[in-house]
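Scroll down for the structure; my scribbles are underneath it.
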Amino acid sequence: MEAFVNWLNGIIWSPALVYLCLGVGLVFSIATKFLQIRHVGDMGKLMFDRNASDSGISSFQAISMSLAGRVGTGNIAGVATAIAFGGPGAVFWMWAIAFLGASSGFIEATLGQVYKTKQDGQFRGGPAYYIEKGLGIKWYAILFAIVTVIATGALLPGVQSNSLSTAINTAFGINPWISGIAVCLILAVIIFGGVKRIAKTAEFIVPVMAVGYIFVALIIVIMNIDRVPEVLGLIFSSAFALNSAFGGILGAAISWGVKRGVYSNEAGQGTGPHAAAAAEVSHPAKQGLVQAFSVYIDTLFICSATAFMILITGMYNVTPEGEEAIVVNLAEMEPGPGYTQSAVESVMPGFGAPFVAIALLFFTFTTIMAYYYMAETNLAYINQKVKRVWAEYLLKFIFIAMVLYGSVKTADVAWALGDIGVGSMAWLNIIAILLLAKPAIAVLKDYEEQKKAGKDPVFDPVKVGIKGADFWEKEYKYPGAGANKIKTTSGSSVDK
């Protein structure tokens, strides 16, 4: 089984996908004139919008839900794995995929908003919806939905819960069965409460966990400030094979940096659009910009915090796959949370193990929560014609069972299964957003034109020339329009 999983993982995560992620990010960056730089100010402002409705959540809740999915074990264990197999240079390639991926994040989140629908009284959307409405390829949409239900409902939760239970056992000696059952009970209370409860929980936990983690990393960096230039030099020299020690593993640095970067920030993977579509906004580009910024928060802030703690304290090993060890600073330690725990422990004795365990508890729990929402949304897409309530309950019980299973099983196959899930979604979604890039860029242009005219942008798909945006054409009420809003025969909205 393990051999088959590793073989399949090698095919899905071939160099083709690694370079496709980089290439698509570069294409979108050029096509949008590097919006990730030009619109940083807008991103910051829009992120704190707290306007919500009975059907939709606020932009702040949407980015919290999105970050709940992005910020997980990949930010701690994933960064350590990238350094262990790709060397310090892998960190640079994580930054590169985050910078370029911000544009991919904008495109997919904007599409999620454009083609969202109101289903069972709440907004639903994501790749399955925009593949069907934007591309008109129903079978492709169903394929993505099925893959995502399997990936986020069965494969990925185990990766998160395994890291969580391992860290708690290391720090506090708590049996994985006990921690696993406790997590499942709390999770059940939240997911049975629906999207609003998930959003409110994420809105409360995510900002606290992110700020707290970065704060501790800053303390460690400040205490070792004299080593910062050396660490930066090591990262950049290793990323371009200029360092003699790591010169022979440039391919591994790029591959592991991009792979773990995509796994962590999920740009282009197709997970972010689900939360983006649930937001109540007046223009899709607003949520696109917010989600682009969430890619920055995940990788440039939180992953960098982990990388600097590990590299600045020297608490890491580098052993490329199939090759001899290059760096051995931690004897007999597998790549994972232990690197980060050792890093914090070396500066703050007695604090490292419990701190990382608590950080992982919050990071992984919120990610598991977000995975459930994605699985439920795609199941809702499959069920939209004939609603099968039993299917939703079955998903909940299977999901919780997989979280418990991951808590008590070893991680030998868990990461490979998680990579298969991420990679499969990425392949399907990247092809879709490439084909739908034109309408997404048209939405950005419309947003920029309205901003330039001094307006608060409001979206009219007919004006932009986009078909299939049913909610925006038939149901959306412009702010303040009320009874004065009427439909034209073309479906657009005008004042009486």
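Identifiers for the structure tokens are assigned positionally: chains receive A, B, ... in sequence, residues are indexed from 1 per chain, and ligands are indexed from 1 in the order shown.
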>> Give me, as a PyMOL selection string, the residues of stretch 43-256 of chain A that a backbone DSSP run labels strand (DSSP E or B).
In response: chain A and resi 57+117-119+122-124
Per-residue nearest contacts of stretch 92-183 of chain A to stretch 314-338 of chain A (12 Å; only C-alpha atoms) as CSV:
residue,atom,partner,partner_atom,distance
A:Val159,CA,A:Gly336,CA,11.7
A:Gln160,CA,A:Pro337,CA,11.7
A:Asn162,CA,A:Pro337,CA,11.0
A:Ser163,CA,A:Pro337,CA,7.5
A:Leu164,CA,A:Pro337,CA,9.2
A:Ser165,CA,A:Pro337,CA,11.1
A:Thr166,CA,A:Pro337,CA,8.6
A:Ala167,CA,A:Pro337,CA,6.8
A:Ile168,CA,A:Pro337,CA,10.5
A:Asn169,CA,A:Gly338,CA,11.7
A:Thr170,CA,A:Gly338,CA,8.7
A:Ala171,CA,A:Gly338,CA,10.1
Store the residues picked out above, limited to C-alpha atoms, as a compact mmCIF listing (two decimals), in the first residue's frame.
# COMPACT_ATOMS: atom_id res chain seq x y z
CA VAL A 159 -2.39 14.69 8.17
CA GLN A 160 -3.48 17.54 10.44
CA ASN A 162 -1.60 13.20 13.21
CA SER A 163 0.72 16.20 13.66
CA LEU A 164 -1.54 17.51 16.41
CA SER A 165 -1.63 14.30 18.47
CA THR A 166 2.12 13.70 17.98
CA ALA A 167 3.01 17.20 19.23
CA ILE A 168 0.67 16.96 22.23
CA ASN A 169 2.06 13.53 23.14
CA THR A 170 5.63 14.84 22.92
CA ALA A 171 4.90 17.96 24.97
Closest-contact table, stretch 235-334 of chain A side, partner stretch 347-363 of chain A, 12 Å, counting only C-alpha atoms, as JSON lines:
{"residue": "A:Ser264", "atom": "CA", "partner": "A:Phe363", "partner_atom": "CA", "distance": 11.3}
{"residue": "A:Asp298", "atom": "CA", "partner": "A:Phe363", "partner_atom": "CA", "distance": 11.1}
{"residue": "A:Ile302", "atom": "CA", "partner": "A:Phe363", "partner_atom": "CA", "distance": 10.8}
{"residue": "A:Thr306", "atom": "CA", "partner": "A:Val356", "partner_atom": "CA", "distance": 10.2}
{"residue": "A:Met309", "atom": "CA", "partner": "A:Val347", "partner_atom": "CA", "distance": 9.6}
{"residue": "A:Ile310", "atom": "CA", "partner": "A:Val347", "partner_atom": "CA", "distance": 11.1}
{"residue": "A:Ile312", "atom": "CA", "partner": "A:Val347", "partner_atom": "CA", "distance": 10.5}
{"residue": "A:Thr313", "atom": "CA", "partner": "A:Val347", "partner_atom": "CA", "distance": 8.0}
{"residue": "A:Gly314", "atom": "CA", "partner": "A:Val347", "partner_atom": "CA", "distance": 11.3}
{"residue": "A:Met315", "atom": "CA", "partner": "A:Val347", "partner_atom": "CA", "distance": 10.9}
Those residues with C-alpha atoms, as an mmCIF file, in the first residue's frame please?
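part.cif written:
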data_model
loop_
_atom_site.group_PDB
_atom_site.id
_atom_site.type_symbol
_atom_site.label_atom_id
_atom_site.label_comp_id
_atom_site.auth_asym_id
_atom_site.auth_seq_id
_atom_site.Cartn_x
_atom_site.Cartn_y
_atom_site.Cartn_z
ATOM 1 C CA SER A 264 0.671 25.507 2.984
ATOM 2 C CA ASP A 298 0.290 32.283 5.451
ATOM 3 C CA ILE A 302 3.803 32.456 9.397
ATOM 4 C CA THR A 306 8.949 28.900 11.444
ATOM 5 C CA MET A 309 13.253 29.979 14.210
ATOM 6 C CA ILE A 310 14.679 26.736 12.804
ATOM 7 C CA ILE A 312 18.630 30.919 13.195
ATOM 8 C CA THR A 313 19.019 28.365 16.011
ATOM 9 C CA GLY A 314 20.536 25.687 13.757
ATOM 10 C CA MET A 315 17.965 23.115 14.856
#
>> Residues within 8 Å of stretch 142-154 of chain A, please, as number ranges by chain. Count only C-alpha atoms; anything in the same chain fewer than 6 positions from it doesn't count.
In response: A: 127-128, 371-372, 374-376, 378-379, 381-382, 395, 398-399, 402, 418, 421-422, 424-425, 428-429
Export of the given selection (N, CA and C atoms) as a JSON list (two decimals), in the first residue's frame:
[["chain", "number", "residue", "atom", "x", "y", "z"],
["A", 127, "PRO", "N", -14.56, 25.98, -7.11],
["A", 127, "PRO", "CA", -14.19, 25.52, -8.44],
["A", 127, "PRO", "C", -15.28, 24.72, -9.16],
["A", 128, "ALA", "N", -15.98, 23.84, -8.46],
["A", 128, "ALA", "CA", -17.02, 23.05, -9.11],
["A", 128, "ALA", "C", -18.08, 23.96, -9.72],
["A", 371, "TYR", "N", -11.43, 22.26, 6.26],
["A", 371, "TYR", "CA", -11.54, 21.12, 5.35],
["A", 371, "TYR", "C", -12.97, 20.59, 5.32],
["A", 372, "TYR", "N", -13.60, 20.54, 6.50],
["A", 372, "TYR", "CA", -14.98, 20.05, 6.53],
["A", 372, "TYR", "C", -15.88, 20.96, 5.69],
["A", 374, "MET", "N", -15.14, 22.77, 3.12],
["A", 374, "MET", "CA", -14.90, 22.53, 1.69],
["A", 374, "MET", "C", -15.56, 21.24, 1.23],
["A", 375, "ALA", "N", -15.43, 20.19, 2.05],
["A", 375, "ALA", "CA", -16.05, 18.91, 1.68],
["A", 375, "ALA", "C", -17.57, 19.06, 1.62],
["A", 376, "GLU", "N", -18.15, 19.77, 2.59],
["A", 376, "GLU", "CA", -19.60, 19.96, 2.62],
["A", 376, "GLU", "C", -20.08, 20.77, 1.42],
["A", 378, "ASN", "N", -18.73, 20.98, -1.56],
["A", 378, "ASN", "CA", -18.69, 20.17, -2.79],
["A", 378, "ASN", "C", -19.74, 19.06, -2.78],
["A", 379, "LEU", "N", -20.05, 18.56, -1.60],
["A", 379, "LEU", "CA", -21.15, 17.60, -1.50],
["A", 379, "LEU", "C", -22.47, 18.31, -1.81],
["A", 381, "TYR", "N", -22.80, 20.78, -3.81],
["A", 381, "TYR", "CA", -22.84, 20.95, -5.27],
["A", 381, "TYR", "C", -23.37, 19.69, -5.94],
["A", 382, "ILE", "N", -22.86, 18.54, -5.51],
["A", 382, "ILE", "CA", -23.30, 17.27, -6.09],
["A", 382, "ILE", "C", -24.78, 17.03, -5.79],
["A", 395, "LEU", "N", -21.22, 12.27, 5.66],
["A", 395, "LEU", "CA", -19.95, 12.99, 5.51],
["A", 395, "LEU", "C", -19.41, 13.41, 6.88],
["A", 398, "ILE", "N", -18.02, 10.29, 8.71],
["A", 398, "ILE", "CA", -16.79, 9.80, 8.08],
["A", 398, "ILE", "C", -15.64, 10.76, 8.37],
["A", 399, "PHE", "N", -15.90, 12.06, 8.27],
["A", 399, "PHE", "CA", -14.89, 13.08, 8.51],
["A", 399, "PHE", "C", -14.32, 12.96, 9.93],
["A", 402, "MET", "N", -12.15, 9.93, 10.32],
["A", 402, "MET", "CA", -10.82, 10.07, 9.72],
["A", 402, "MET", "C", -9.90, 10.94, 10.58],
["A", 418, "GLY", "N", -1.98, 12.99, 1.84],
["A", 418, "GLY", "CA", -2.32, 14.41, 1.81],
["A", 418, "GLY", "C", -1.81, 15.08, 0.55],
["A", 421, "GLY", "N", -4.02, 14.24, -2.38],
["A", 421, "GLY", "CA", -5.24, 15.05, -2.36],
["A", 421, "GLY", "C", -5.01, 16.46, -2.85],
["A", 422, "VAL", "N", -3.96, 17.11, -2.33],
["A", 422, "VAL", "CA", -3.62, 18.47, -2.72],
["A", 422, "VAL", "C", -3.26, 18.53, -4.21],
["A", 424, "SER", "N", -4.01, 16.48, -6.71],
["A", 424, "SER", "CA", -5.14, 16.20, -7.60],
["A", 424, "SER", "C", -6.03, 17.42, -7.76],
["A", 425, "MET", "N", -6.33, 18.08, -6.64],
["A", 425, "MET", "CA", -7.14, 19.29, -6.69],
["A", 425, "MET", "C", -6.41, 20.38, -7.48],
["A", 428, "LEU", "N", -6.58, 19.86, -11.36],
["A", 428, "LEU", "CA", -7.90, 20.15, -11.90],
["A", 428, "LEU", "C", -8.23, 21.64, -11.85],
["A", 429, "ASN", "N", -7.88, 22.28, -10.75],
["A", 429, "ASN", "CA", -8.23, 23.70, -10.58],
["A", 429, "ASN", "C", -7.37, 24.61, -11.44]]
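Excluding A:Thr117 and any residue on its chain fewer than 3 positions from it, the residues at most 10 Å away by only C-alpha atoms are A:Gly112, A:Gln113, A:Val114, A:Asp120, A:Gly121, A:Gln122, A:Phe123, A:Arg124, A:Gly125, A:Gly126, A:Tyr129, A:Ala277, A:Ala278, A:Ala469, A:Asp470, A:Phe471, A:Trp472, A:Glu475.
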Based on the selection just made, write C-alpha atoms of those residues as a short mmCIF file (atom, residue, chain, number, x, y, z; two decimals), in the first residue's frame.
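And here is the file that came out, result.cif:
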data_model
loop_
_atom_site.label_atom_id
_atom_site.label_comp_id
_atom_site.auth_asym_id
_atom_site.auth_seq_id
_atom_site.Cartn_x
_atom_site.Cartn_y
_atom_site.Cartn_z
CA GLY A 112 -15.60 31.87 -6.76
CA GLN A 113 -17.47 35.13 -6.09
CA VAL A 114 -18.53 35.72 -9.71
CA ASP A 120 -30.29 26.51 1.13
CA GLY A 121 -30.32 30.15 2.20
CA GLN A 122 -26.54 30.64 2.14
CA PHE A 123 -23.86 31.44 -0.41
CA ARG A 124 -22.05 28.50 -1.94
CA GLY A 125 -19.29 28.52 -4.50
CA GLY A 126 -15.91 27.21 -5.51
CA TYR A 129 -19.46 25.96 -9.47
CA ALA A 277 -17.66 32.62 -2.32
CA ALA A 278 -19.39 32.67 1.08
CA ALA A 469 -23.17 34.83 -13.02
CA ASP A 470 -26.78 34.03 -12.12
CA PHE A 471 -26.77 35.37 -8.56
CA TRP A 472 -25.35 38.76 -9.56
CA GLU A 475 -30.73 38.18 -7.03
#
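One distance worth recording is that between atom CA of A:Leu436 and atom CA of A:Gly268, which is 12.7 Å.
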> Excluding same-chain residues fewer than 2 positions from A:Ile83, what lies within 9 Å of it counting only C-alpha atoms, as JSON, numbers by chain?
Replying inline: {"A": [78, 79, 80, 81, 85, 86, 87, 88, 89, 90, 91, 253, 256, 257, 307, 311, 316, 317, 318, 335]}
Serialized selection, C-alpha atoms, as a PDB file, in the first residue's frame:
ATOM      1  CA  GLY A  78       5.803  21.315   6.370  1.00  0.00           C
ATOM      2  CA  VAL A  79       8.462  24.020   6.604  1.00  0.00           C
ATOM      3  CA  ALA A  80      10.695  21.663   8.591  1.00  0.00           C
ATOM      4  CA  THR A  81      10.218  18.948   5.955  1.00  0.00           C
ATOM      5  CA  PHE A  85      14.849  17.497   2.127  1.00  0.00           C
ATOM      6  CA  GLY A  86      15.559  20.662   0.114  1.00  0.00           C
ATOM      7  CA  GLY A  87      17.949  22.589   2.344  1.00  0.00           C
ATOM      8  CA  PRO A  88      17.632  26.240   3.451  1.00  0.00           C
ATOM      9  CA  GLY A  89      17.142  27.282  -0.185  1.00  0.00           C
ATOM     10  CA  ALA A  90      13.674  25.704  -0.108  1.00  0.00           C
ATOM     11  CA  VAL A  91      12.540  28.660   2.012  1.00  0.00           C
ATOM     12  CA  ALA A 253      15.228  22.979  -3.078  1.00  0.00           C
ATOM     13  CA  TRP A 256      10.287  20.889  -1.901  1.00  0.00           C
ATOM     14  CA  GLY A 257       9.938  24.644  -1.562  1.00  0.00           C
ATOM     15  CA  ALA A 307      11.853  28.957   8.982  1.00  0.00           C
ATOM     16  CA  LEU A 311      17.550  28.217  10.769  1.00  0.00           C
ATOM     17  CA  TYR A 316      17.634  21.148  11.612  1.00  0.00           C
ATOM     18  CA  ASN A 317      19.036  18.333   9.487  1.00  0.00           C
ATOM     19  CA  VAL A 318      19.369  18.240   5.703  1.00  0.00           C
ATOM     20  CA  PRO A 335      11.537  16.073  10.008  1.00  0.00           C
TER      21      PRO A 335
END
> atom CA of A:Gly180 and atom CA of A:Leu417 are how many Å apart?
Replying inline: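 Going from atom CA of A:Gly180 over to atom CA of A:Leu417, I get 19.3 Å.
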> Could you work out how far atom CA of A:Ala82 lies from atom CA of A:Leu242, giving the answer in Å with one decimal?
Replying inline: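 Computed distance, atom CA of A:Leu242 to atom CA of A:Ala82, equals 18.5 Å.
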